[in-house]
$ cat start-v1.pdb   # PDB, C-alpha atoms and all ligand atoms
ATOM      1  CA  MET A   1      67.062 157.598  40.485
ATOM      2  CA  PRO A   2      66.618 161.067  38.979
ATOM      3  CA  ALA A   3      63.986 162.987  40.914
ATOM      4  CA  TRP A   4      61.788 163.572  37.865
ATOM      5  CA  LEU A   5      61.400 159.795  37.514
ATOM      6  CA  SER A   6      60.788 158.933  41.132
ATOM      7  CA  TRP A   7      57.005 159.118  40.772
ATOM      8  CA  LEU A   8      57.247 156.037  38.562
ATOM      9  CA  PHE A   9      58.719 153.876  41.312
ATOM     10  CA  PRO A  10      57.777 152.933  44.869
ATOM     11  CA  GLU A  11      59.824 154.505  47.638
ATOM     12  CA  GLN A  12      63.418 153.289  47.812
ATOM     13  CA  ALA A  13      64.352 152.108  51.273
ATOM     14  CA  SER A  14      67.026 149.434  50.878
ATOM     15  CA  THR A  15      70.547 149.204  49.491
ATOM     16  CA  LEU A  16      69.199 147.041  46.694
ATOM     17  CA  ALA A  17      66.366 149.336  45.641
ATOM     18  CA  PRO A  18      68.293 151.917  43.555
ATOM     19  CA  LYS A  19      70.255 149.157  41.820
ATOM     20  CA  VAL A  20      67.093 147.309  40.855
ATOM     21  CA  ASP A  21      65.518 150.548  39.646
ATOM     22  CA  TYR A  22      68.480 151.479  37.454
ATOM     23  CA  LEU A  23      68.440 148.064  35.814
ATOM     24  CA  PHE A  24      64.682 148.268  35.344
ATOM     25  CA  LEU A  25      64.991 151.753  33.876
ATOM     26  CA  PHE A  26      67.700 150.552  31.494
ATOM     27  CA  LEU A  27      65.470 147.667  30.345
ATOM     28  CA  ILE A  28      62.546 150.030  29.747
ATOM     29  CA  LEU A  29      64.661 152.598  27.908
ATOM     30  CA  ALA A  30      66.407 149.977  25.761
ATOM     31  CA  SER A  31      63.121 148.266  24.824
ATOM     32  CA  GLY A  32      61.428 151.621  24.304
ATOM     33  CA  ALA A  33      64.237 152.913  22.068
ATOM     34  CA  VAL A  34      64.162 149.789  19.909
ATOM     35  CA  ALA A  35      60.367 149.858  19.617
ATOM     36  CA  LEU A  36      60.496 153.545  18.681
ATOM     37  CA  LEU A  37      63.215 152.927  16.082
ATOM     38  CA  VAL A  38      61.234 150.096  14.496
ATOM     39  CA  PHE A  39      58.037 152.123  14.258
ATOM     40  CA  LEU A  40      59.915 155.149  12.964
ATOM     41  CA  LEU A  41      61.657 153.139  10.230
ATOM     42  CA  ILE A  42      58.413 151.415   9.214
ATOM     43  CA  THR A  43      56.776 154.811   8.785
ATOM     44  CA  ILE A  44      59.692 156.398   6.927
ATOM     45  CA  PHE A  45      60.186 153.431   4.617
ATOM     46  CA  ALA A  46      56.471 153.118   3.922
ATOM     47  CA  VAL A  47      56.428 156.709   2.701
ATOM     48  CA  ARG A  48      59.786 156.838   1.005
ATOM     49  CA  TYR A  49      59.609 153.506  -0.857
ATOM     50  CA  ARG A  50      55.913 153.524  -1.665
ATOM     51  CA  ARG A  51      54.859 152.344  -5.112
ATOM     52  CA  ARG A  52      54.522 155.396  -7.326
ATOM     53  CA  SER A  53      53.034 153.800 -10.459
ATOM     54  CA  PRO A  54      50.986 150.586 -10.825
ATOM     55  CA  ASP A  55      53.672 148.758 -12.881
ATOM     56  CA  GLU A  56      56.646 149.783 -10.772
ATOM     57  CA  VAL A  57      58.964 146.896  -9.804
ATOM     58  CA  GLY A  58      61.194 147.155  -6.773
ATOM     59  CA  ALA A  59      64.983 147.355  -7.229
ATOM     60  CA  ASP A  60      67.157 144.318  -6.542
ATOM     61  CA  ILE A  61      68.970 144.509  -3.214
ATOM     62  CA  GLU A  62      72.441 143.081  -2.829
ATOM     63  CA  GLY A  63      73.281 141.891   0.681
ATOM     64  CA  SER A  64      75.499 144.035   2.846
ATOM     65  CA  PRO A  65      77.675 141.967   5.207
ATOM     66  CA  MET A  66      78.660 145.062   7.189
ATOM     67  CA  LEU A  67      75.030 145.973   7.794
ATOM     68  CA  GLU A  68      74.159 142.410   8.800
ATOM     69  CA  ILE A  69      77.079 142.226  11.210
ATOM     70  CA  PHE A  70      76.025 145.565  12.666
ATOM     71  CA  TRP A  71      72.445 144.543  13.378
ATOM     72  CA  THR A  72      73.487 141.172  14.732
ATOM     73  CA  VAL A  73      76.304 142.306  16.976
ATOM     74  CA  THR A  74      74.590 145.419  18.354
ATOM     75  CA  PRO A  75      71.586 143.575  19.856
ATOM     76  CA  LEU A  76      73.916 140.830  21.044
ATOM     77  CA  LEU A  77      75.968 143.350  23.003
ATOM     78  CA  ILE A  78      72.840 144.948  24.443
ATOM     79  CA  PHE A  79      71.465 141.567  25.527
ATOM     80  CA  LEU A  80      74.812 140.544  27.005
ATOM     81  CA  ALA A  81      74.919 143.781  28.984
ATOM     82  CA  MET A  82      71.402 143.045  30.293
ATOM     83  CA  PHE A  83      72.447 139.529  31.214
ATOM     84  CA  VAL A  84      75.657 140.475  33.011
ATOM     85  CA  TRP A  85      74.017 143.385  34.835
ATOM     86  CA  GLY A  86      71.066 141.212  35.882
ATOM     87  CA  ALA A  87      73.305 138.320  36.941
ATOM     88  CA  VAL A  88      75.541 140.536  39.082
ATOM     89  CA  LEU A  89      72.471 141.931  40.812
ATOM     90  CA  TYR A  90      70.975 138.469  41.193
ATOM     91  CA  PHE A  91      74.097 137.171  42.930
ATOM     92  CA  GLU A  92      74.171 140.169  45.230
ATOM     93  CA  ARG A  93      70.504 139.626  46.032
ATOM     94  CA  SER A  94      71.133 135.932  46.713
ATOM     95  CA  ARG A  95      74.091 136.246  49.062
ATOM     96  CA  PRO A  96      73.543 137.923  52.401
ATOM     97  CA  PRO A  97      76.647 139.687  53.711
ATOM     98  CA  ASP A  98      78.457 138.151  56.672
ATOM     99  CA  GLY A  99      77.125 139.292  59.995
ATOM    100  CA  ALA A 100      73.543 139.699  58.827
ATOM    101  CA  ILE A 101      71.067 139.357  61.656
ATOM    102  CA  GLN A 102      68.652 136.531  61.118
ATOM    103  CA  ILE A 103      64.912 136.337  61.411
ATOM    104  CA  TYR A 104      62.690 133.319  60.920
ATOM    105  CA  VAL A 105      59.489 133.688  58.956
ATOM    106  CA  VAL A 106      56.650 131.185  59.012
ATOM    107  CA  ALA A 107      53.824 131.922  56.620
ATOM    108  CA  LYS A 108      50.365 130.450  56.957
ATOM    109  CA  GLN A 109      46.916 131.163  55.643
ATOM    110  CA  TRP A 110      46.730 134.108  56.179
ATOM    111  CA  MET A 111      49.406 135.694  58.256
ATOM    112  CA  TRP A 112      53.113 136.228  58.648
ATOM    113  CA  LYS A 113      54.650 134.877  61.833
ATOM    114  CA  LEU A 114      58.135 136.132  62.559
ATOM    115  CA  GLN A 115      60.608 135.299  65.264
ATOM    116  CA  HIS A 116      63.804 137.073  66.231
ATOM    117  CA  ARG A 117      66.700 134.977  67.498
ATOM    118  CA  GLU A 118      66.586 136.938  70.740
ATOM    119  CA  GLY A 119      63.093 135.546  71.203
ATOM    120  CA  PRO A 120      60.468 138.153  70.325
ATOM    121  CA  ARG A 121      57.689 136.945  68.081
ATOM    122  CA  GLU A 122      55.646 139.140  65.822
ATOM    123  CA  ILE A 123      52.641 138.729  63.599
ATOM    124  CA  ASN A 124      52.313 140.810  60.412
ATOM    125  CA  GLU A 125      54.885 143.230  61.838
ATOM    126  CA  LEU A 126      58.628 143.085  61.593
ATOM    127  CA  HIS A 127      60.904 145.402  63.545
ATOM    128  CA  VAL A 128      64.428 145.756  62.157
ATOM    129  CA  PRO A 129      67.306 148.190  62.649
ATOM    130  CA  VAL A 130      68.317 150.576  59.884
ATOM    131  CA  GLY A 131      71.702 150.104  58.187
ATOM    132  CA  VAL A 132      72.068 146.466  59.201
ATOM    133  CA  ALA A 133      71.744 143.504  56.859
ATOM    134  CA  VAL A 134      68.803 141.284  57.766
ATOM    135  CA  ARG A 135      68.475 137.736  56.512
ATOM    136  CA  LEU A 136      65.093 136.040  56.466
ATOM    137  CA  VAL A 137      64.834 132.258  56.627
ATOM    138  CA  MET A 138      61.325 131.424  55.550
ATOM    139  CA  THR A 139      58.968 128.497  55.314
ATOM    140  CA  SER A 140      55.244 127.928  55.050
ATOM    141  CA  GLN A 141      52.903 125.854  57.160
ATOM    142  CA  ASP A 142      50.483 125.240  54.302
ATOM    143  CA  VAL A 143      50.587 126.580  50.741
ATOM    144  CA  ILE A 144      53.000 128.728  48.755
ATOM    145  CA  HIS A 145      53.190 132.365  49.809
ATOM    146  CA  SER A 146      55.604 135.110  48.777
ATOM    147  CA  PHE A 147      57.339 137.660  51.004
ATOM    148  CA  TYR A 148      57.284 140.967  49.172
ATOM    149  CA  VAL A 149      58.430 144.375  50.383
ATOM    150  CA  PRO A 150      58.179 146.802  47.447
ATOM    151  CA  ALA A 151      60.236 149.553  49.116
ATOM    152  CA  PHE A 152      63.119 147.091  49.512
ATOM    153  CA  ARG A 153      62.658 145.573  46.016
ATOM    154  CA  ILE A 154      62.694 142.062  47.441
ATOM    155  CA  LYS A 155      60.247 139.289  46.698
ATOM    156  CA  GLN A 156      60.768 135.620  47.430
ATOM    157  CA  ASP A 157      58.418 132.651  47.361
ATOM    158  CA  VAL A 158      57.847 130.956  50.704
ATOM    159  CA  LEU A 159      57.346 127.220  50.296
ATOM    160  CA  PRO A 160      55.987 124.491  52.545
ATOM    161  CA  GLY A 161      58.473 121.752  53.428
ATOM    162  CA  ARG A 162      61.674 123.705  52.830
ATOM    163  CA  TYR A 163      63.451 126.950  53.571
ATOM    164  CA  THR A 164      63.950 129.822  51.215
ATOM    165  CA  SER A 165      65.769 132.967  52.176
ATOM    166  CA  GLU A 166      66.219 136.556  51.174
ATOM    167  CA  TRP A 167      67.978 139.531  52.697
ATOM    168  CA  PHE A 168      67.831 143.289  52.752
ATOM    169  CA  GLN A 169      69.528 146.244  54.346
ATOM    170  CA  ALA A 170      67.150 149.085  55.070
ATOM    171  CA  THR A 171      68.513 152.558  54.406
ATOM    172  CA  LYS A 172      66.039 154.773  56.214
ATOM    173  CA  PRO A 173      63.756 154.481  59.219
ATOM    174  CA  GLY A 174      60.073 154.241  58.448
ATOM    175  CA  ARG A 175      57.168 151.914  57.999
ATOM    176  CA  TYR A 176      57.019 149.879  54.816
ATOM    177  CA  HIS A 177      54.343 147.646  53.373
ATOM    178  CA  LEU A 178      54.786 143.895  53.443
ATOM    179  CA  PHE A 179      52.621 141.921  51.037
ATOM    180  CA  CYS A 180      51.997 138.318  50.168
ATOM    181  CA  ALA A 181      52.683 138.171  46.439
ATOM    182  CA  GLU A 182      51.512 134.636  45.694
ATOM    183  CA  TYR A 183      47.816 133.871  45.461
ATOM    184  CA  CYS A 184      47.249 131.628  48.472
ATOM    185  CA  GLY A 185      43.515 131.403  49.002
ATOM    186  CA  SER A 186      40.455 133.493  49.664
ATOM    187  CA  GLN A 187      42.151 135.853  52.150
ATOM    188  CA  HIS A 188      45.338 136.334  50.116
ATOM    189  CA  SER A 189      44.692 140.025  49.635
ATOM    190  CA  ARG A 190      44.543 140.496  53.410
ATOM    191  CA  MET A 191      47.827 138.724  54.080
ATOM    192  CA  LYS A 192      49.876 141.828  54.535
ATOM    193  CA  GLY A 193      51.769 143.686  57.193
ATOM    194  CA  TRP A 194      54.454 146.236  57.946
ATOM    195  CA  VAL A 195      58.194 146.345  58.240
ATOM    196  CA  GLU A 196      59.147 148.881  60.866
ATOM    197  CA  VAL A 197      62.670 150.159  60.284
ATOM    198  CA  MET A 198      64.111 151.777  63.403
ATOM    199  CA  ALA A 199      67.275 153.561  64.462
ATOM    200  CA  PRO A 200      69.620 150.978  66.055
ATOM    201  CA  ALA A 201      69.131 152.364  69.564
ATOM    202  CA  ASP A 202      65.337 152.316  69.169
ATOM    203  CA  TYR A 203      65.548 148.775  67.890
ATOM    204  CA  GLN A 204      67.564 147.733  70.918
ATOM    205  CA  ASN A 205      64.991 149.360  73.173
ATOM    206  CA  TRP A 206      62.230 147.544  71.365
ATOM    207  CA  LEU A 207      64.051 144.210  71.760
ATOM    208  CA  ASP A 208      64.623 144.898  75.452
ATOM    209  CA  SER A 209      60.959 145.743  75.941
ATOM    210  CA  GLN A 210      59.952 142.254  74.752
ATOM    211  CA  ARG A 211      61.013 140.807  78.085
ATOM    212  CA  LEU A 212      58.656 137.894  78.284
ATOM    213  CA  SER A 213      60.224 136.231  75.278
ATOM    214  CA  GLU A 214      62.868 133.576  75.560
ATOM    215  CA  ALA A 215      65.856 133.447  73.222
ATOM    216  CA  MET A 216      65.348 130.852  70.502
ATOM    217  CA  VAL A 217      68.540 129.068  71.456
ATOM    218  CA  VAL A 218      67.195 128.537  75.004
ATOM    219  CA  SER A 219      63.874 127.139  73.780
ATOM    220  CA  GLY A 220      65.849 125.000  71.363
ATOM    221  CA  GLN A 221      68.092 123.623  74.055
ATOM    222  CA  ARG A 222      65.101 122.612  76.175
ATOM    223  CA  LEU A 223      63.474 120.916  73.187
ATOM    224  CA  PHE A 224      66.731 119.165  72.368
ATOM    225  CA  ARG A 225      66.754 117.641  75.849
ATOM    226  CA  SER A 226      63.066 116.830  76.092
ATOM    227  CA  LEU A 227      63.071 115.078  72.723
ATOM    228  CA  GLY A 228      66.105 113.086  73.805
ATOM    229  CA  CYS A 229      68.289 114.317  70.940
ATOM    230  CA  ASN A 230      71.259 114.445  73.312
ATOM    231  CA  GLY A 231      71.003 110.666  73.781
ATOM    232  CA  CYS A 232      72.689 110.190  70.393
ATOM    233  CA  HIS A 233      74.124 113.619  69.579
ATOM    234  CA  GLY A 234      76.539 114.502  72.358
ATOM    235  CA  PRO A 235      79.616 116.691  72.500
ATOM    236  CA  VAL A 236      81.564 113.961  70.680
ATOM    237  CA  ASP A 237      80.586 111.484  67.968
ATOM    238  CA  THR A 238      79.008 108.281  69.259
ATOM    239  CA  ALA A 239      78.237 105.009  67.504
ATOM    240  CA  ARG A 240      74.625 106.076  67.101
ATOM    241  CA  GLY A 241      74.969 109.610  65.898
ATOM    242  CA  PRO A 242      77.464 112.302  64.968
ATOM    243  CA  SER A 243      78.114 115.207  67.288
ATOM    244  CA  LEU A 244      76.390 118.394  66.243
ATOM    245  CA  PHE A 245      79.164 120.652  67.532
ATOM    246  CA  ASN A 246      80.510 122.934  64.796
ATOM    247  CA  VAL A 247      78.177 121.307  62.309
ATOM    248  CA  TYR A 248      76.554 124.528  61.075
ATOM    249  CA  GLY A 249      78.106 125.844  57.896
ATOM    250  CA  ARG A 250      80.401 122.848  57.532
ATOM    251  CA  ALA A 251      80.510 120.430  54.592
ATOM    252  CA  VAL A 252      79.041 117.083  55.710
ATOM    253  CA  GLU A 253      80.054 113.870  53.944
ATOM    254  CA  LEU A 254      77.039 111.731  53.098
ATOM    255  CA  GLN A 255      76.413 108.024  52.904
ATOM    256  CA  GLY A 256      76.497 106.993  49.264
ATOM    257  CA  GLY A 257      78.901 109.742  48.255
ATOM    258  CA  GLY A 258      78.700 113.480  47.933
ATOM    259  CA  SER A 259      78.561 116.125  50.584
ATOM    260  CA  VAL A 260      76.297 118.935  51.582
ATOM    261  CA  ILE A 261      76.801 122.237  53.373
ATOM    262  CA  ALA A 262      75.013 122.064  56.715
ATOM    263  CA  ASP A 263      72.825 125.136  56.388
ATOM    264  CA  GLU A 264      69.386 125.659  57.911
ATOM    265  CA  GLY A 265      67.778 123.640  55.113
ATOM    266  CA  TYR A 266      70.038 120.653  55.769
ATOM    267  CA  LEU A 267      69.424 120.732  59.525
ATOM    268  CA  ARG A 268      65.687 120.957  58.943
ATOM    269  CA  GLN A 269      65.826 117.956  56.614
ATOM    270  CA  ALA A 270      67.940 116.038  59.164
ATOM    271  CA  ILE A 271      65.253 116.550  61.812
ATOM    272  CA  LEU A 272      62.180 115.879  59.688
ATOM    273  CA  ASN A 273      63.472 113.425  57.065
ATOM    274  CA  PRO A 274      66.617 111.970  58.614
ATOM    275  CA  GLY A 275      66.714 109.007  56.218
ATOM    276  CA  VAL A 276      67.253 111.186  53.138
ATOM    277  CA  GLN A 277      70.754 112.500  53.868
ATOM    278  CA  VAL A 278      72.556 110.115  56.206
ATOM    279  CA  VAL A 279      75.993 111.173  57.422
ATOM    280  CA  LEU A 280      78.803 108.976  56.133
ATOM    281  CA  GLY A 281      79.646 106.171  58.552
ATOM    282  CA  TYR A 282      76.250 106.072  60.263
ATOM    283  CA  LYS A 283      73.181 103.907  59.917
ATOM    284  CA  PRO A 284      69.776 105.459  59.221
ATOM    285  CA  LEU A 285      68.644 104.855  62.811
ATOM    286  CA  MET A 286      67.196 108.229  63.565
ATOM    287  CA  PRO A 287      63.410 108.414  63.764
ATOM    288  CA  THR A 288      61.604 111.156  61.919
ATOM    289  CA  TYR A 289      60.140 114.061  63.835
ATOM    290  CA  GLN A 290      57.747 114.886  61.036
ATOM    291  CA  GLY A 291      54.352 115.756  62.468
ATOM    292  CA  GLN A 292      55.677 116.032  66.016
ATOM    293  CA  LEU A 293      57.237 119.469  65.701
ATOM    294  CA  GLY A 294      55.802 122.769  64.560
ATOM    295  CA  GLU A 295      57.817 124.943  62.194
ATOM    296  CA  ASP A 296      58.716 127.289  65.039
ATOM    297  CA  GLN A 297      60.051 124.396  67.115
ATOM    298  CA  VAL A 298      62.176 123.229  64.208
ATOM    299  CA  THR A 299      63.698 126.702  63.899
ATOM    300  CA  GLN A 300      64.399 126.767  67.651
ATOM    301  CA  LEU A 301      66.206 123.424  67.410
ATOM    302  CA  ILE A 302      68.197 124.754  64.465
ATOM    303  CA  GLU A 303      69.179 127.861  66.427
ATOM    304  CA  TYR A 304      70.379 125.635  69.245
ATOM    305  CA  MET A 305      72.387 123.461  66.852
ATOM    306  CA  LYS A 306      73.954 126.581  65.344
ATOM    307  CA  SER A 307      75.053 127.648  68.823
ATOM    308  CA  LEU A 308      76.940 124.385  69.442
ATOM    309  CA  LYS A 309      80.504 125.490  68.890
ATOM    310  CA  ARG A 310      83.790 124.573  70.382
TER
HETATM  311 CU1  LIG B   1      49.889 134.253  51.312
HETATM  312 CU2  LIG B   1      49.012 135.140  49.290
END

$ encode --input "start-v1.pdb" --output "structure tokens"
Amino acid sequence: MPAWLSWLFPEQASTLAPKVDYLFLFLILASGAVALLVFLLITIFAVRYRRRSPDEVGADIEGSPMLEIFWTVTPLLIFLAMFVWGAVLYFERSRPPDGAIQIYVVAKQWMWKLQHREGPREINELHVPVGVAVRLVMTSQDVIHSFYVPAFRIKQDVLPGRYTSEWFQATKPGRYHLFCAEYCGSQHSRMKGWVEVMAPADYQNWLDSQRLSEAMVVSGQRLFRSLGCNGCHGPVDTARGPSLFNVYGRAVELQGGGSVIADEGYLRQAILNPGVQVVLGYKPLMPTYQGQLGEDQVTQLIEYMKSLKR
């Protein structure tokens, strides 16, 4: 972003931010140039072709194929450029790079609850390292919220009953506003917080200082046992249930045809609505855990399942 324009935009603090700003600037300049051209031509033509005597009749105009092709193809090319540019950015925004660290976000009226895989929990504050991709897996306990960090140019709705995700890579240490960007009730305007971007060493120190917390995978393992999940889901497939080893990220064949990639959303569904996507070759025996588990417990179970590898 040229310096003389920076006052127009919020601070840029993620890898995505300059790219979003350039696209936005292009859209503004393109729309502005067209609007200016139209108004200019209206003015010029109104003066130049005004009626000079009361009985003047306008000249006949023959069509000009070249002119018509020009004003059809030119906007088409501009719109296609906008589309391709926007789509490329959209795909980049949608796909977190491999090796992104993951953080779970649970929104509720009216706060942001966050949990790191290493265990630390935060409310309305998120500590992350600079220069590292961070993926957020988000859900809501009640109504629709939206996780918005202007300095990172990311905004994603957070929905009850399912996961949505977004990612960012912060480019400079600092403290950045986090807002809820979806009207969610009387305290919506107060549902805000901070993202604290730290140097990697500082981040590690911060993580280490949160000693009382237990890694999510450990909490998940305990839950897995206490709920009796291991009765049916052991290290190998049993008659009652498939093994969950190596399940994360794999394509799972479903009863009734089709398959699904076992991402966080699938695992969540399998815990809360097990009858919806039954694994091929199994009966829908599994009871639902809807109403028995909080969102944070579901994410802990998922973290445990993700750790089951051979
Ligand atoms: Cu949550 Cu607005």

$ residues_near_ligand --input "start-v1.pdb" --ligand "ligand LIG 1 (chain B)" --cutoff "12 Å" --atoms "only C-alpha atoms and all ligand atoms" --output "number ranges by chain"
A: 106-113, 124, 139-148, 156-160, 178-193

$ closest_residue --input "start-v1.pdb" --among "A:Asp263, A:Asp296, A:Glu56, A:Glu166" --to "Gln115 of chain A" --atoms "all atoms listed in the file"
A:Asp296

$ resolve_selection --input "start-v1.pdb" --expression "the PyMOL selection byres (((chain A and resi 298) around 10) and not hetatm)" --output "PyMOL selection string"
chain A and resi 220+223+264+267-269+271-272+289-290+292-297+299-304

$ resolve_selection --input "start-v1.pdb" --expression "the PyMOL selection byres (((chain A and resi 151) around 6) and not hetatm)" --output "list in words"
Pro10, Glu11, Gln12, Ala13, Val149, Pro150, Phe152 and Arg153 of chain A

$ closest_residue --input "start-v1.pdb" --among "A:Leu254, A:Val260, A:Ile103, A:Ile154" --to "Pro284 of chain A" --atoms "all atoms listed in the file"
A:Leu254

$ residues_near_point --input "start-v1.pdb" --point "(70.1, 136.3, 72.9)" --cutoff "10 Å" --atoms "only C-alpha atoms" --output "ChimeraX atom specification"
/A:116-119,214-218
